[in-house]
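Structure first, then comments.
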There are 4 protein chains.
Amino acid sequence: MAEAKTGSDGPSELIGLEYLEREHAHVRARLAVTDDVRQPHGVVHGGIFSIIAESICSRATGEAHDGEAAALGQSSNATLLRPISSGYVNAEATARHQGRTTWVWDVEITDDEERVCALVRMTVAVRERP
Amino acid sequence: MAEAKTGSDGPSELIGLEYLEREHAHVRARLAVTDDVRQPHGVVHGGIFSIIAESICSRATGEAHDGEAAALGQSSNATLLRPISSGYVNAEATARHQGRTTWVWDVEITDDEERVCALVRMTVAVRERP
Amino acid sequence: MAEAKTGSDGPSELIGLEYLEREHAHVRARLAVTDDVRQPHGVVHGGIFSIIAESICSRATGEAHDGEAAALGQSSNATLLRPISSGYVNAEATARHQGRTTWVWDVEITDDEERVCALVRMTVAVRERP
Amino acid sequence: MAEAKTGSDGPSELIGLEYLEREHAHVRARLAVTDDVRQPHGVVHGGIFSIIAESICSRATGEAHDGEAAALGQSSNATLLRPISSGYVNAEATARHQGRTTWVWDVEITDDEERVCALVRMTVAVRERP
């Protein structure tokens with residue numbers, strides 16, 4: 001059995017996610033579109049938006065707690081509006097609720113012409129470390 | 001700009017998704033857990049379940065239409081229940097609605113002890129080819 | 001300001017929800033279709049399924065905790081598949097996850113011909129009473 | 001069997017929903033909190049937010065099509081953040097996507113102190129009339 005390597009985020013490294021701005025309640029990131037993230041019709045696979053949303057929202061929620069709590073995705077609702085086939089996938093996440101046990105984020109996915117292509121609502125559970 | 005390569009599903013190749021059973025309204029697939037799919041806490045990244053759900057449900061919906069319609073993810077709602085850190089991610093998808101314009105699937109994600117670890121409800125849009 | 005009357009469930013009384021079976025992890029209920037629950041096209045309003053789902057899942061979760069914890073809806077995802085215009089709205093709820101801090105339920109809504117008309121996934125937060 | 005009365009929206013009349021502003025892509029409405037909309041813990045029942053969201057978004061989508069298409073709720077995802085026990089439930093809906101076959105709306109629910117209490121993402125299907 002492979003030993004779990006803690007600290008690095010495998011999926012976001014695998015797809016090449018770049019952070020552009022990282023504050024506690026606001027994060028921007030982007031991803032260059034390549035065949036690795038395209039599905040068979042040649043457009044970006046919808047699950048990629050969920051990877052991006054969970055990576056950036058969990059990380060920002062954890063950082064806001066300064067490592068004193070674990071931040072883990074609890075639910076993710078993605079609505080796909082418009083395909084992206086080239087250029088960048090641009091993501092902007094805004095915290096809408098910063099509760100004691102959950103943070104709720106809205107993530108807007110746009111293409112390079114600033115058209116909204118997907119909306120993801122992400123709930124991140126905040127659990128105190130033992 | 002990279003040319004889109006149609007026909008292959010980049011993300012499911014990238015993570016190594018294996019199909020075990022593929023029928024029109026029922027699909028089973030699995031994925032070996034490696035660091036590529038783990039997030040920083042050492043457990044499988046929640047977005048991976050959305051990748052799996054969208055890949056298997058869109059493909060099965062498209063195949064059921066024999067290539068006469070394009071099947072594209074429209075929404076994906078994932079609820080994460082229990083972390084998976086090793087072994088396989090096992091996915092079983094069942095079509096709950098086979099409509100003219102949308103198919104709705106329930107995907108159950110289990111670990112190797114058959115515990116339910118995530119539930120994904122996936123809506124796939126069916127669009128006639130021009 | 002009106003004083004809150006605790007103990008009774010206003011919305012389910014308002015629409016006339018009837019319980020048919022109530023166990024900890026499984027509940028059945030139904031509602032007669034009248035103009036009060038129809039929207040302008042003459043079919044049952046989709047929000048009614050969310051009322052039913054939240055009422056029966058929160059109540060069953062609370063009862064399973066024997067009143068030692070408060071059970072409150074945390075999220076509700078409804079997918080509407082087929083209109084219901086007359087007869088009964090039949091609801092069957094099954095607990096899919098019974099965790100320490102959340103219970104997750106699947107609610108299937110059928111018409112009198114046993115056709116699936118809506119699916120609701122309901123997450124109920126369990127909070128210890130102070 | 002009761003004959004369906006088309007044209008009026010039963011549930012929004014039942015709970016007393018008031019429209020404050022109605023434009024094609026932006027709607028505001030409110031509801032006075034009474035026992036009819038409270039659940040047993042004395043706070044507004046979460047399903048009420050789904051009733052409000054579906055009523056205002058379906059109506060606005062239909063009106064934007066000038067009666068030439070039927071607008072029907074297709075999915076509704078509600079995230080409940082903070083209880084409301086008195087005063088008004090205030091709802092503000094903004095269209096995020098105005099497609100040929102679906103409109104997607106974000107509905108923000110606030111209390112009288114302008115605190116965000118719930119977020120609903122509503123997808124409305126647009127079907128041409130026969």
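Residue numbers start at 1 in each chain; chains themselves are named A, B, ... in the order of the structure tokens; ligands are numbered from 1 in the order shown.
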Kindly determine which residues of chain B lie within 12 Å of chain D, considering only C-alpha atoms, and give the answer as a short mmCIF file (atom, residue, chain, number, x, y, z; two decimals) with N, CA and C atoms, in the first residue's frame.
```
data_model
loop_
_atom_site.label_atom_id
_atom_site.label_comp_id
_atom_site.auth_asym_id
_atom_site.auth_seq_id
_atom_site.Cartn_x
_atom_site.Cartn_y
_atom_site.Cartn_z
N GLN B 74 -24.36 18.53 -16.99
CA GLN B 74 -25.06 19.80 -16.79
C GLN B 74 -24.97 20.24 -15.33
N SER B 75 -25.06 19.29 -14.40
CA SER B 75 -24.81 19.64 -13.01
C SER B 75 -24.36 18.42 -12.26
N SER B 76 -23.64 18.66 -11.18
CA SER B 76 -23.07 17.58 -10.39
C SER B 76 -23.11 18.01 -8.93
N ASN B 77 -23.78 17.21 -8.10
CA ASN B 77 -23.89 17.52 -6.67
C ASN B 77 -23.24 16.39 -5.88
N ALA B 78 -22.12 16.68 -5.24
CA ALA B 78 -21.40 15.65 -4.49
C ALA B 78 -21.51 15.92 -3.00
N THR B 101 -34.35 15.13 -22.80
CA THR B 101 -33.32 16.18 -22.80
C THR B 101 -32.30 16.03 -21.66
N THR B 102 -32.63 15.27 -20.63
CA THR B 102 -31.65 15.02 -19.56
C THR B 102 -31.75 13.59 -19.03
N VAL B 104 -30.59 11.59 -15.43
CA VAL B 104 -30.13 11.85 -14.06
C VAL B 104 -29.62 10.54 -13.47
N ARG B 121 -24.94 13.11 -7.32
CA ARG B 121 -26.09 13.12 -8.23
C ARG B 121 -25.69 13.93 -9.44
N MET B 122 -25.79 13.29 -10.60
CA MET B 122 -25.24 13.86 -11.83
C MET B 122 -26.36 14.04 -12.85
N THR B 123 -26.51 15.22 -13.39
CA THR B 123 -27.48 15.46 -14.47
C THR B 123 -26.70 15.63 -15.77
N ALA B 125 -26.95 16.45 -19.79
CA ALA B 125 -27.80 16.99 -20.85
C ALA B 125 -27.62 16.17 -22.12
N VAL B 126 -28.72 15.88 -22.79
CA VAL B 126 -28.70 15.14 -24.06
C VAL B 126 -29.07 16.13 -25.16
N ARG B 127 -28.12 16.36 -26.05
CA ARG B 127 -28.39 17.33 -27.14
C ARG B 127 -28.27 16.61 -28.47
#
```
TODO: Do a neighbour search on Ile15 of chain A at 10 Å with only C-alpha atoms, toss out local chain neighbours closer than 2 positions, and write the hits as a PyMOL selection string.
DONE: (chain A and resi 10-13+17-18+31-34+36-37+48+51-52) or (chain B and resi 11+14+36)
- [ ] Could you check how far atom CA of Leu20 of chain D sits from atom CA of His65 of chain D, in Å to one decimal?
- [x] 20.6 Å
TODO: Can you work out which one of D:His97, D:His26, D:Arg129, D:His45 has the shortest atom-to-atom distance to Ala71 of chain D, counting only C-alpha atoms?
DONE: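 Smallest distance to Ala71 of chain D is found for D:Arg129.
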- [ ] Go through chain C and collect every residue that DSSP, computed from the backbone, puts in strand (DSSP E or B); the answer should be as an MDAnalysis selection string.
- [x] chainID C and resid 18:23 26:32 38 44 69:80 88:98 102:110 116:128
Open item on the list: One number please: atom CA of Thr110 of chain B to atom CA of Ala91 of chain B, in Å, one decimal.
Closed with: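 These two atoms are separated by 6.5 Å.
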TODO: Any chance you could list, as a VMD selection string, the residues in segment 15-112 of chain B that come up alpha helix (DSSP H) when DSSP is run on the backbone?
DONE: chain B and resid 15 46 to 64
Open item on the list: Counting only C-alpha atoms, which residue out of D:Ser8, D:Ser58, D:Asn90, D:Thr79 sits closest to Trp103 of chain D?
Closed with: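 Nearest to Trp103 of chain D: D:Ser58.
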